$ cat input.txt   # compact mmCIF, C-alpha atoms
# COMPACT_ATOMS: atom_id res chain seq x y z
CA MET A 653 -54.92 -5.92 1.88
CA PHE A 654 -53.84 -9.10 0.07
CA ARG A 655 -53.28 -7.07 -3.11
CA ASN A 656 -50.99 -4.67 -1.24
CA LEU A 657 -49.12 -7.61 0.29
CA LEU A 658 -48.63 -9.15 -3.16
CA ILE A 659 -47.28 -5.91 -4.63
CA GLY A 660 -44.97 -5.44 -1.68
CA ALA A 661 -43.60 -8.98 -1.93
CA VAL A 662 -42.90 -8.72 -5.66
CA SER A 663 -41.25 -5.33 -5.22
CA ALA A 664 -39.03 -6.69 -2.48
CA LEU A 665 -37.97 -9.63 -4.67
CA ALA A 666 -37.12 -7.33 -7.58
CA PHE A 667 -35.09 -4.96 -5.41
CA ALA A 668 -33.23 -7.53 -3.34
CA GLY A 669 -32.22 -9.71 -6.29
CA SER A 670 -31.05 -7.05 -8.73
CA ALA A 671 -27.54 -7.34 -10.14
CA SER A 672 -25.55 -4.24 -11.02
CA ALA A 673 -23.04 -3.22 -13.63
CA LEU A 674 -19.77 -2.66 -11.83
CA THR A 675 -17.31 0.21 -12.12
CA TYR A 676 -13.74 0.18 -10.82
CA THR A 677 -11.09 2.89 -10.71
CA SER A 678 -7.32 2.80 -10.55
CA GLN A 679 -4.98 5.78 -10.26
CA LEU A 680 -1.82 6.27 -12.32
CA GLU A 681 0.01 7.64 -9.30
CA TYR A 682 3.45 6.00 -9.34
CA ARG A 683 6.17 7.72 -11.35
CA ASP A 684 9.37 5.99 -12.43
CA GLY A 685 12.36 7.11 -10.38
CA PHE A 686 10.24 8.10 -7.37
CA ALA A 687 9.44 6.10 -4.26
CA GLY A 688 5.80 5.92 -3.17
CA ALA A 689 2.64 7.28 -4.72
CA GLN A 690 2.50 10.79 -6.15
CA THR A 691 -0.46 13.03 -6.93
CA PRO A 692 -2.31 11.03 -9.61
CA PHE A 693 -1.23 11.73 -13.19
CA GLY A 694 -4.34 10.05 -14.55
CA THR A 695 -7.25 7.74 -13.81
CA VAL A 696 -8.18 4.37 -15.27
CA THR A 697 -11.92 3.67 -15.09
CA ILE A 698 -13.09 0.13 -15.77
CA ASP A 699 -16.77 -0.52 -16.56
CA GLU A 700 -18.19 -4.03 -16.83
CA LEU A 701 -20.72 -3.41 -19.60
CA ASN A 702 -22.09 -6.97 -19.60
CA ALA A 703 -21.00 -10.51 -18.81
CA ASN A 704 -18.53 -10.57 -21.71
CA THR A 705 -17.41 -6.97 -22.21
CA VAL A 706 -15.30 -4.57 -20.16
CA GLN A 707 -14.66 -0.94 -21.17
CA VAL A 708 -11.50 0.85 -20.08
CA THR A 709 -11.27 4.67 -20.12
CA VAL A 710 -7.95 6.36 -19.35
CA THR A 711 -7.89 10.10 -18.63
CA LEU A 712 -4.92 12.30 -17.76
CA ALA A 713 -5.00 14.83 -14.95
CA ASN A 714 -3.77 17.84 -16.94
CA ALA A 715 -5.55 19.08 -20.05
CA ALA A 716 -2.24 19.52 -21.87
CA SER A 717 -0.97 16.01 -21.09
CA LEU A 718 -0.46 13.40 -23.83
CA PHE A 719 0.18 9.70 -24.28
CA VAL A 720 3.66 9.30 -25.78
CA ASN A 721 6.55 6.98 -26.60
CA THR A 722 9.85 7.90 -24.99
CA GLY A 723 11.88 4.70 -25.18
CA GLY A 724 13.31 3.28 -21.99
CA PRO A 725 11.50 0.90 -22.90
CA HIS A 726 8.18 2.65 -22.40
CA ASP A 727 4.88 2.26 -24.26
CA PRO A 728 1.75 4.44 -24.37
CA PHE A 729 -0.47 2.09 -22.35
CA LEU A 730 0.04 -1.44 -21.01
CA PHE A 731 -2.18 -3.90 -19.15
CA ASN A 732 -2.59 -7.62 -18.53
CA LEU A 733 -5.18 -10.06 -19.88
CA PRO A 734 -5.13 -13.73 -18.87
CA ALA A 735 -6.22 -15.14 -22.24
CA PRO A 736 -6.69 -13.97 -25.84
CA SER A 737 -9.54 -11.48 -26.07
CA GLN A 738 -10.91 -9.11 -28.68
CA VAL A 739 -9.79 -5.54 -28.00
CA THR A 740 -11.47 -2.64 -29.80
CA VAL A 741 -10.13 0.92 -29.52
CA THR A 742 -12.51 3.88 -29.83
CA LYS A 743 -10.77 6.84 -31.47
CA SER A 744 -11.67 10.51 -31.19
CA GLY A 745 -10.49 13.28 -33.47
CA ALA A 746 -6.86 12.93 -34.55
CA GLN A 747 -6.01 10.11 -32.12
CA ASP A 748 -4.21 7.13 -33.63
CA PHE A 749 -4.44 4.65 -30.77
CA ALA A 750 -4.38 1.00 -31.85
CA TYR A 751 -4.28 -2.36 -30.11
CA ALA A 752 -0.82 -3.89 -30.62
CA GLY A 753 -1.80 -7.40 -29.50
CA ASP A 754 -0.45 -9.90 -27.01
CA GLY A 755 3.25 -9.95 -26.21
CA ALA A 756 5.83 -9.26 -23.55
CA TYR A 757 6.10 -5.49 -23.17
CA GLN A 758 8.68 -4.02 -20.83
CA ALA A 759 7.80 -0.91 -18.82
CA THR A 760 10.88 0.07 -16.84
CA PRO A 761 10.78 0.05 -13.81
CA PHE A 762 7.32 -1.55 -13.58
CA GLY A 763 8.07 -4.89 -15.19
CA THR A 764 6.46 -6.79 -18.05
CA PHE A 765 2.89 -6.55 -19.32
CA THR A 766 1.01 -8.77 -21.76
CA ASP A 767 -1.05 -6.27 -23.79
CA LYS A 768 -0.30 -2.93 -25.40
CA ILE A 769 -2.15 0.05 -26.83
CA SER A 770 0.12 1.91 -29.25
CA CYS A 771 -0.10 5.48 -30.46
CA CYS A 772 1.92 8.43 -31.72
CA THR A 773 2.37 7.61 -35.41
CA ILE A 774 4.78 9.82 -37.35
CA HIS A 775 2.88 11.25 -40.31
CA GLY A 776 4.70 12.07 -43.54
CA GLY A 777 8.25 11.39 -44.65
CA LYS A 778 10.23 8.15 -44.52
CA LYS A 779 8.91 7.15 -41.08
CA ASP A 780 5.22 7.34 -41.94
CA GLY A 781 3.36 4.61 -40.02
CA GLN A 782 6.05 4.20 -37.36
CA GLU A 783 5.69 5.21 -33.75
CA GLY A 784 7.37 8.54 -33.06
CA ASN A 785 8.95 9.55 -29.77
CA GLY A 786 8.19 12.49 -27.52
CA GLN A 787 5.62 15.23 -27.13
CA ALA A 788 5.61 16.22 -30.80
CA ASN A 789 4.04 12.88 -31.74
CA GLY A 790 1.83 12.43 -28.67
CA ASP A 791 -1.88 11.64 -28.64
CA PRO A 792 -4.40 13.42 -26.40
CA PRO A 793 -6.67 11.63 -23.93
CA PRO A 794 -9.03 10.03 -23.32
CA LEU A 795 -7.94 6.56 -24.34
CA VAL A 796 -11.03 4.34 -24.60
CA PHE A 797 -11.09 0.66 -25.49
CA THR A 798 -13.30 -2.37 -24.88
CA VAL A 799 -12.27 -5.96 -24.22
CA PHE A 800 -14.60 -8.80 -25.23
CA ASN A 801 -14.22 -12.45 -24.26
CA ALA A 802 -16.80 -15.00 -25.42
CA GLY A 803 -16.08 -17.09 -22.31
CA GLY A 804 -17.03 -14.22 -20.00
CA LEU A 805 -14.95 -11.37 -18.62
CA THR A 806 -14.85 -9.25 -15.47
CA PHE A 807 -12.22 -6.86 -14.16
CA ALA A 808 -11.42 -8.52 -10.84
CA GLY A 809 -13.09 -11.93 -11.11
CA VAL A 810 -16.18 -13.46 -9.53
CA GLY A 811 -15.87 -13.38 -5.75
CA ALA A 812 -13.18 -10.68 -5.61
CA THR A 813 -12.81 -9.14 -2.13
CA PHE A 814 -12.57 -5.47 -1.16
CA ASP A 815 -11.62 -3.51 1.93
CA PRO A 816 -14.94 -2.59 3.58
CA ASN A 817 -13.65 0.85 4.57
CA THR A 818 -11.68 2.02 1.54
CA GLY A 819 -13.05 -0.13 -1.30
CA ARG A 820 -9.51 -1.21 -2.19
CA LEU A 821 -9.27 -4.52 -4.04
CA LEU A 822 -7.77 -7.15 -1.73
CA SER A 823 -7.94 -10.32 -3.82
CA THR A 824 -9.16 -11.34 -7.25
CA GLY A 825 -11.82 -13.96 -7.88
CA THR A 826 -12.42 -16.69 -10.43
CA GLY A 827 -13.14 -16.71 -14.17
CA ASN A 828 -11.55 -14.61 -16.92
CA HIS A 829 -10.40 -11.27 -15.55
CA PHE A 830 -7.66 -8.65 -15.76
CA VAL A 831 -4.57 -9.41 -13.71
CA SER A 832 -1.69 -7.44 -12.24
CA ASN A 833 1.85 -8.34 -13.30
CA ALA A 834 4.55 -9.96 -11.15
CA GLY A 835 5.27 -6.63 -9.46
CA GLY A 836 1.61 -6.01 -8.61
CA TRP A 837 1.09 -3.35 -11.30
CA TRP A 838 -2.26 -3.21 -13.09
CA PHE A 839 -1.54 -0.58 -15.71
CA ALA A 840 1.37 1.51 -16.99
CA ALA A 841 1.38 4.54 -19.28
CA ASP A 842 4.02 6.66 -20.96
CA ILE A 843 2.93 10.29 -20.76
CA TYR A 844 3.93 13.85 -21.41
CA ASP A 845 2.88 15.74 -18.28
CA GLY A 846 1.50 19.07 -19.45
CA ALA A 847 1.73 20.57 -15.96
CA ALA A 848 5.42 19.76 -15.47
CA GLY A 849 6.52 19.86 -19.11
CA GLN A 850 8.22 16.46 -18.71
CA THR A 851 7.76 12.93 -20.02
CA TYR A 852 7.88 9.82 -17.85
CA ASN A 853 6.34 6.42 -17.22
CA VAL A 854 3.54 6.14 -14.65
CA ALA A 855 1.73 3.12 -13.25
CA ALA A 856 -1.23 2.00 -11.14
CA LYS A 857 -0.84 -0.49 -8.31
CA ASP A 858 -4.23 -0.41 -6.58
CA ALA A 859 -7.80 -0.74 -7.80
CA PHE A 860 -10.91 0.46 -6.02
CA GLY A 861 -14.57 -0.42 -6.31
CA PRO A 862 -16.98 -1.58 -7.18
CA THR A 863 -19.56 1.15 -7.43
CA THR A 864 -22.97 0.17 -8.75
CA SER A 865 -25.04 1.51 -11.61
CA ASN A 866 -27.76 0.39 -13.99
CA ALA A 867 -29.32 -2.30 -11.80
CA VAL A 868 -30.44 -5.23 -13.96
CA PRO A 869 -32.05 -8.41 -12.58
CA GLU A 870 -30.00 -11.58 -13.01
CA PRO A 871 -31.58 -14.72 -14.57
CA ALA A 872 -31.75 -16.33 -11.12
CA THR A 873 -33.56 -13.25 -9.85
CA TRP A 874 -36.11 -13.49 -12.65
CA ALA A 875 -36.69 -17.14 -11.70
CA LEU A 876 -37.20 -16.17 -8.08
CA MET A 877 -39.65 -13.45 -9.07
CA ILE A 878 -41.64 -15.87 -11.26
CA MET A 879 -41.81 -18.36 -8.40
CA GLY A 880 -43.04 -15.56 -6.17
CA PHE A 881 -45.75 -14.66 -8.65
CA GLY A 882 -46.80 -18.34 -8.88
CA THR A 883 -46.98 -18.75 -5.11
CA ALA A 884 -48.91 -15.51 -4.71
CA GLY A 885 -51.34 -16.59 -7.47
CA ALA A 886 -51.96 -19.94 -5.81
CA MET A 887 -52.65 -18.21 -2.51
CA LEU A 888 -55.09 -15.88 -4.21
CA ARG A 889 -56.95 -18.78 -5.87
CA ARG A 890 -57.25 -20.63 -2.54
CA ARG A 891 -58.56 -17.47 -0.89
CA ARG A 892 -61.24 -17.10 -3.61
CA LEU A 893 -62.30 -20.75 -3.26
CA ALA A 894 -62.60 -20.37 0.48
CA LEU A 895 -64.85 -17.35 0.04
CA ALA A 896 -67.06 -19.05 -2.60
$ encode --input "input.txt" --output "structure tokens"
Amino acid sequence: MFRNLLIGAVSALAFAGSASALTYTSQLEYRDGFAGAQTPFGTVTIDELNANTVQVTVTLANAASLFVNTGGPHDPFLFNLPAPSQVTVTKSGAQDFAYAGDGAYQATPFGTFTDKISCCTIHGGKKDGQEGNGQANGDPPPLVFTVFNAGGLTFAGVGATFDPNTGRLLSTGTGNHFVSNAGGWWFAADIYDGAAGQTYNVAAKDAFGPTTSNAVPEPATWALMIMGFGTAGAMLRRRRLALA
């Protein structure tokens, strides 16, 4: 009986104290020139891989859609980081995405962003290495990049709050985290919409989550579990002495 109680107590500690990798989503559902949200043109998925690394994956809703440059000013993908971080872009096939660094990037009509992913290099001729405009120079999705910060990094911050019914992010927390710009926009992308055959800028204003995956005990949880083992061991020793 005591053995079963011990196993049950340790199992409860492990389950109750587990931390989880967090996943957030944000929809590119606002199109320049239109009021209100539209049917999403793409999805931004944000995975907190560990305490220092966040992975961002951007997909587009139509298989024929592309990330493009169209002027305006518009850029392939923009976001906001609060402090210098290491950004690494994962390329697939003929993609030529690259991190353009910190700056002040305009995304009419969605305001200014601090960080840019470029694409759409013109290959061959006098403009080789320069960003080309329009569908002909576009890059296919997905766009995948990771952001690393040695001082720690989350998407929404420690202690961020969410709507209990919808999962919508209500307020950000503390520590290094992504931020929305002055207009409340998290992300902006310049795309060629394969369904409509048009190019335009789209943006995301809301974020949803978190969902949980890959439960991993936190250091504090391990400490609690060890204390539980120690207490249970002491109880077992006293029980044996009493029976001797």
$ closest_residue --input "input.txt" --among "A:Gln738, A:Asn853, A:Ser832, A:Gln758" --to "Ser678 (chain A)" --atoms "only C-alpha atoms"
A:Ser832
$ residues_around --input "input.txt" --residues "region 764-769 of chain A" --least-positions-apart "4" --cutoff "9 Å" --atoms "only C-alpha atoms" --output "list in words"
Asp727, Pro728, Phe729, Leu730, Phe731, Asn732, Leu733, Pro734, Val741, Phe749, Ala750, Tyr751, Ala752, Gly753, Asp754, Gly755, Ala756, Tyr757, Gln758, Ala759, Thr760, Ser832, Asn833, Ala834, Gly835, Trp837, Trp838, Phe839 and Ala840 of chain A
$ closest_residue --input "input.txt" --among "A:Asn817, A:Asn714, A:Thr740, A:Gln690" --to "Gly849 (chain A)" --atoms "all atoms listed in the file"
A:Asn714
$ atom_distance --input "input.txt" --atom1 "CA of Leu718 (chain A)" --atom2 "CA of Ala687 (chain A)"
23.1 Å
$ residues_around --input "input.txt" --residues "Ala703 (chain A)" --least-positions-apart "4" --cutoff "12 Å" --atoms "all atoms listed in the file" --output "number ranges by chain"
A: 671-674, 699, 707, 799-807, 809-810, 827-829, 868, 870
$ residues_around --input "input.txt" --residues "Val854 (chain A)" --least-positions-apart "6" --cutoff "8 Å" --atoms "only C-alpha atoms" --output "ChimeraX atom specification"
/A:680-684,693,840-843
$ residues_near_point --input "input.txt" --point "(-6.7, 7.8, -10.3)" --cutoff "12 Å" --atoms "all atoms listed in the file" --output "number ranges by chain"
A: 676-682, 689-698, 709-713, 839, 854-860
$ write_last_selection --input "input.txt" --atoms "C-alpha atoms" --output "PDB file, keeping the file's coordinate frame"
ATOM      1  CA  TYR A 676     -13.740   0.180 -10.820  1.00  0.00           C
ATOM      2  CA  THR A 677     -11.090   2.890 -10.710  1.00  0.00           C
ATOM      3  CA  SER A 678      -7.320   2.800 -10.550  1.00  0.00           C
ATOM      4  CA  GLN A 679      -4.980   5.780 -10.260  1.00  0.00           C
ATOM      5  CA  LEU A 680      -1.820   6.270 -12.320  1.00  0.00           C
ATOM      6  CA  GLU A 681       0.010   7.640  -9.300  1.00  0.00           C
ATOM      7  CA  TYR A 682       3.450   6.000  -9.340  1.00  0.00           C
ATOM      8  CA  ALA A 689       2.640   7.280  -4.720  1.00  0.00           C
ATOM      9  CA  GLN A 690       2.500  10.790  -6.150  1.00  0.00           C
ATOM     10  CA  THR A 691      -0.460  13.030  -6.930  1.00  0.00           C
ATOM     11  CA  PRO A 692      -2.310  11.030  -9.610  1.00  0.00           C
ATOM     12  CA  PHE A 693      -1.230  11.730 -13.190  1.00  0.00           C
ATOM     13  CA  GLY A 694      -4.340  10.050 -14.550  1.00  0.00           C
ATOM     14  CA  THR A 695      -7.250   7.740 -13.810  1.00  0.00           C
ATOM     15  CA  VAL A 696      -8.180   4.370 -15.270  1.00  0.00           C
ATOM     16  CA  THR A 697     -11.920   3.670 -15.090  1.00  0.00           C
ATOM     17  CA  ILE A 698     -13.090   0.130 -15.770  1.00  0.00           C
ATOM     18  CA  THR A 709     -11.270   4.670 -20.120  1.00  0.00           C
ATOM     19  CA  VAL A 710      -7.950   6.360 -19.350  1.00  0.00           C
ATOM     20  CA  THR A 711      -7.890  10.100 -18.630  1.00  0.00           C
ATOM     21  CA  LEU A 712      -4.920  12.300 -17.760  1.00  0.00           C
ATOM     22  CA  ALA A 713      -5.000  14.830 -14.950  1.00  0.00           C
ATOM     23  CA  PHE A 839      -1.540  -0.580 -15.710  1.00  0.00           C
ATOM     24  CA  VAL A 854       3.540   6.140 -14.650  1.00  0.00           C
ATOM     25  CA  ALA A 855       1.730   3.120 -13.250  1.00  0.00           C
ATOM     26  CA  ALA A 856      -1.230   2.000 -11.140  1.00  0.00           C
ATOM     27  CA  LYS A 857      -0.840  -0.490  -8.310  1.00  0.00           C
ATOM     28  CA  ASP A 858      -4.230  -0.410  -6.580  1.00  0.00           C
ATOM     29  CA  ALA A 859      -7.800  -0.740  -7.800  1.00  0.00           C
ATOM     30  CA  PHE A 860     -10.910   0.460  -6.020  1.00  0.00           C
TER      31      PHE A 860
END
$ atom_distance --input "input.txt" --atom1 "CA of Glu783 (chain A)" --atom2 "CA of Cys771 (chain A)"
6.7 Å
$ atom_distance --input "input.txt" --atom1 "CA of Asn785 (chain A)" --atom2 "CA of Gly724 (chain A)"
10.9 Å
$ decode --input "input.txt" --residues "region 726-757 of chain A" --atoms "N, CA and C atoms" --output "PDB file, in the first residue's frame"
ATOM      1  N   HIS A 726       6.910  48.449 -49.304  1.00  0.00           N
ATOM      2  CA  HIS A 726       6.529  47.149 -48.770  1.00  0.00           C
ATOM      3  C   HIS A 726       7.743  46.250 -48.778  1.00  0.00           C
ATOM      4  N   ASP A 727       7.824  45.343 -47.810  1.00  0.00           N
ATOM      5  CA  ASP A 727       8.918  44.381 -47.723  1.00  0.00           C
ATOM      6  C   ASP A 727       8.354  42.985 -47.512  1.00  0.00           C
ATOM      7  N   PRO A 728       9.121  41.947 -47.881  1.00  0.00           N
ATOM      8  CA  PRO A 728       8.612  40.574 -47.825  1.00  0.00           C
ATOM      9  C   PRO A 728       8.052  40.158 -46.471  1.00  0.00           C
ATOM     10  N   PHE A 729       8.778  40.437 -45.380  1.00  0.00           N
ATOM     11  CA  PHE A 729       8.248  40.082 -44.058  1.00  0.00           C
ATOM     12  C   PHE A 729       8.899  40.963 -43.004  1.00  0.00           C
ATOM     13  N   LEU A 730       8.055  41.548 -42.140  1.00  0.00           N
ATOM     14  CA  LEU A 730       8.519  42.458 -41.098  1.00  0.00           C
ATOM     15  C   LEU A 730       7.970  42.048 -39.732  1.00  0.00           C
ATOM     16  N   PHE A 731       8.765  42.312 -38.694  1.00  0.00           N
ATOM     17  CA  PHE A 731       8.354  42.003 -37.329  1.00  0.00           C
ATOM     18  C   PHE A 731       9.120  42.919 -36.395  1.00  0.00           C
ATOM     19  N   ASN A 732       8.914  42.747 -35.089  1.00  0.00           N
ATOM     20  CA  ASN A 732       9.512  43.642 -34.102  1.00  0.00           C
ATOM     21  C   ASN A 732      10.199  42.857 -32.996  1.00  0.00           C
ATOM     22  N   LEU A 733      11.489  43.139 -32.784  1.00  0.00           N
ATOM     23  CA  LEU A 733      12.224  42.581 -31.662  1.00  0.00           C
ATOM     24  C   LEU A 733      12.661  43.718 -30.752  1.00  0.00           C
ATOM     25  N   PRO A 734      12.624  43.525 -29.432  1.00  0.00           N
ATOM     26  CA  PRO A 734      12.934  44.612 -28.515  1.00  0.00           C
ATOM     27  C   PRO A 734      14.419  44.902 -28.369  1.00  0.00           C
ATOM     28  N   ALA A 735      15.271  43.936 -28.696  1.00  0.00           N
ATOM     29  CA  ALA A 735      16.708  44.119 -28.501  1.00  0.00           C
ATOM     30  C   ALA A 735      17.441  43.292 -29.550  1.00  0.00           C
ATOM     31  N   PRO A 736      18.707  43.582 -29.808  1.00  0.00           N
ATOM     32  CA  PRO A 736      19.459  42.799 -30.804  1.00  0.00           C
ATOM     33  C   PRO A 736      19.429  41.310 -30.480  1.00  0.00           C
ATOM     34  N   SER A 737      19.124  40.512 -31.471  1.00  0.00           N
ATOM     35  CA  SER A 737      19.074  39.060 -31.329  1.00  0.00           C
ATOM     36  C   SER A 737      19.670  38.434 -32.576  1.00  0.00           C
ATOM     37  N   GLN A 738      20.025  37.177 -32.466  1.00  0.00           N
ATOM     38  CA  GLN A 738      20.577  36.447 -33.601  1.00  0.00           C
ATOM     39  C   GLN A 738      19.441  35.777 -34.362  1.00  0.00           C
ATOM     40  N   VAL A 739      19.279  36.150 -35.631  1.00  0.00           N
ATOM     41  CA  VAL A 739      18.212  35.605 -36.463  1.00  0.00           C
ATOM     42  C   VAL A 739      18.833  34.709 -37.530  1.00  0.00           C
ATOM     43  N   THR A 740      18.336  33.479 -37.622  1.00  0.00           N
ATOM     44  CA  THR A 740      18.833  32.518 -38.599  1.00  0.00           C
ATOM     45  C   THR A 740      17.682  32.061 -39.484  1.00  0.00           C
ATOM     46  N   VAL A 741      17.840  32.212 -40.801  1.00  0.00           N
ATOM     47  CA  VAL A 741      16.789  31.842 -41.744  1.00  0.00           C
ATOM     48  C   VAL A 741      17.082  30.460 -42.306  1.00  0.00           C
ATOM     49  N   THR A 742      16.071  29.604 -42.315  1.00  0.00           N
ATOM     50  CA  THR A 742      16.186  28.263 -42.891  1.00  0.00           C
ATOM     51  C   THR A 742      15.619  28.286 -44.303  1.00  0.00           C
ATOM     52  N   LYS A 743      16.459  27.994 -45.290  1.00  0.00           N
ATOM     53  CA  LYS A 743      16.027  28.058 -46.688  1.00  0.00           C
ATOM     54  C   LYS A 743      15.657  26.679 -47.209  1.00  0.00           C
ATOM     55  N   SER A 744      14.764  26.669 -48.186  1.00  0.00           N
ATOM     56  CA  SER A 744      14.330  25.420 -48.804  1.00  0.00           C
ATOM     57  C   SER A 744      14.294  25.607 -50.314  1.00  0.00           C
ATOM     58  N   GLY A 745      14.956  24.706 -51.030  1.00  0.00           N
ATOM     59  CA  GLY A 745      14.924  24.792 -52.490  1.00  0.00           C
ATOM     60  C   GLY A 745      15.570  26.065 -53.003  1.00  0.00           C
ATOM     61  N   ALA A 746      14.844  26.781 -53.878  1.00  0.00           N
ATOM     62  CA  ALA A 746      15.387  27.973 -54.524  1.00  0.00           C
ATOM     63  C   ALA A 746      15.123  29.252 -53.750  1.00  0.00           C
ATOM     64  N   GLN A 747      14.610  29.160 -52.541  1.00  0.00           N
ATOM     65  CA  GLN A 747      14.329  30.361 -51.744  1.00  0.00           C
ATOM     66  C   GLN A 747      15.612  31.163 -51.497  1.00  0.00           C
ATOM     67  N   ASP A 748      15.494  32.478 -51.487  1.00  0.00           N
ATOM     68  CA  ASP A 748      16.654  33.304 -51.146  1.00  0.00           C
ATOM     69  C   ASP A 748      16.322  34.289 -50.034  1.00  0.00           C
ATOM     70  N   PHE A 749      15.539  33.836 -49.064  1.00  0.00           N
ATOM     71  CA  PHE A 749      15.254  34.648 -47.887  1.00  0.00           C
ATOM     72  C   PHE A 749      16.558  34.943 -47.137  1.00  0.00           C
ATOM     73  N   ALA A 750      16.632  36.131 -46.537  1.00  0.00           N
ATOM     74  CA  ALA A 750      17.790  36.495 -45.728  1.00  0.00           C
ATOM     75  C   ALA A 750      17.356  37.525 -44.690  1.00  0.00           C
ATOM     76  N   TYR A 751      18.006  37.495 -43.538  1.00  0.00           N
ATOM     77  CA  TYR A 751      17.710  38.472 -42.504  1.00  0.00           C
ATOM     78  C   TYR A 751      18.415  39.780 -42.841  1.00  0.00           C
ATOM     79  N   ALA A 752      17.661  40.868 -42.931  1.00  0.00           N
ATOM     80  CA  ALA A 752      18.219  42.163 -43.323  1.00  0.00           C
ATOM     81  C   ALA A 752      18.666  43.002 -42.146  1.00  0.00           C
ATOM     82  N   GLY A 753      18.452  42.535 -40.925  1.00  0.00           N
ATOM     83  CA  GLY A 753      18.942  43.239 -39.748  1.00  0.00           C
ATOM     84  C   GLY A 753      17.946  44.216 -39.149  1.00  0.00           C
ATOM     85  N   ASP A 754      18.415  44.898 -38.101  1.00  0.00           N
ATOM     86  CA  ASP A 754      17.606  45.908 -37.418  1.00  0.00           C
ATOM     87  C   ASP A 754      17.528  47.170 -38.264  1.00  0.00           C
ATOM     88  N   GLY A 755      16.428  47.888 -38.119  1.00  0.00           N
ATOM     89  CA  GLY A 755      16.273  49.142 -38.842  1.00  0.00           C
ATOM     90  C   GLY A 755      14.921  49.754 -38.557  1.00  0.00           C
ATOM     91  N   ALA A 756      14.503  50.610 -39.453  1.00  0.00           N
ATOM     92  CA  ALA A 756      13.165  51.211 -39.391  1.00  0.00           C
ATOM     93  C   ALA A 756      12.530  50.987 -40.751  1.00  0.00           C
ATOM     94  N   TYR A 757      11.709  49.962 -40.848  1.00  0.00           N
ATOM     95  CA  TYR A 757      11.135  49.527 -42.116  1.00  0.00           C
ATOM     96  C   TYR A 757       9.666  49.921 -42.194  1.00  0.00           C
TER      97      TYR A 757
END
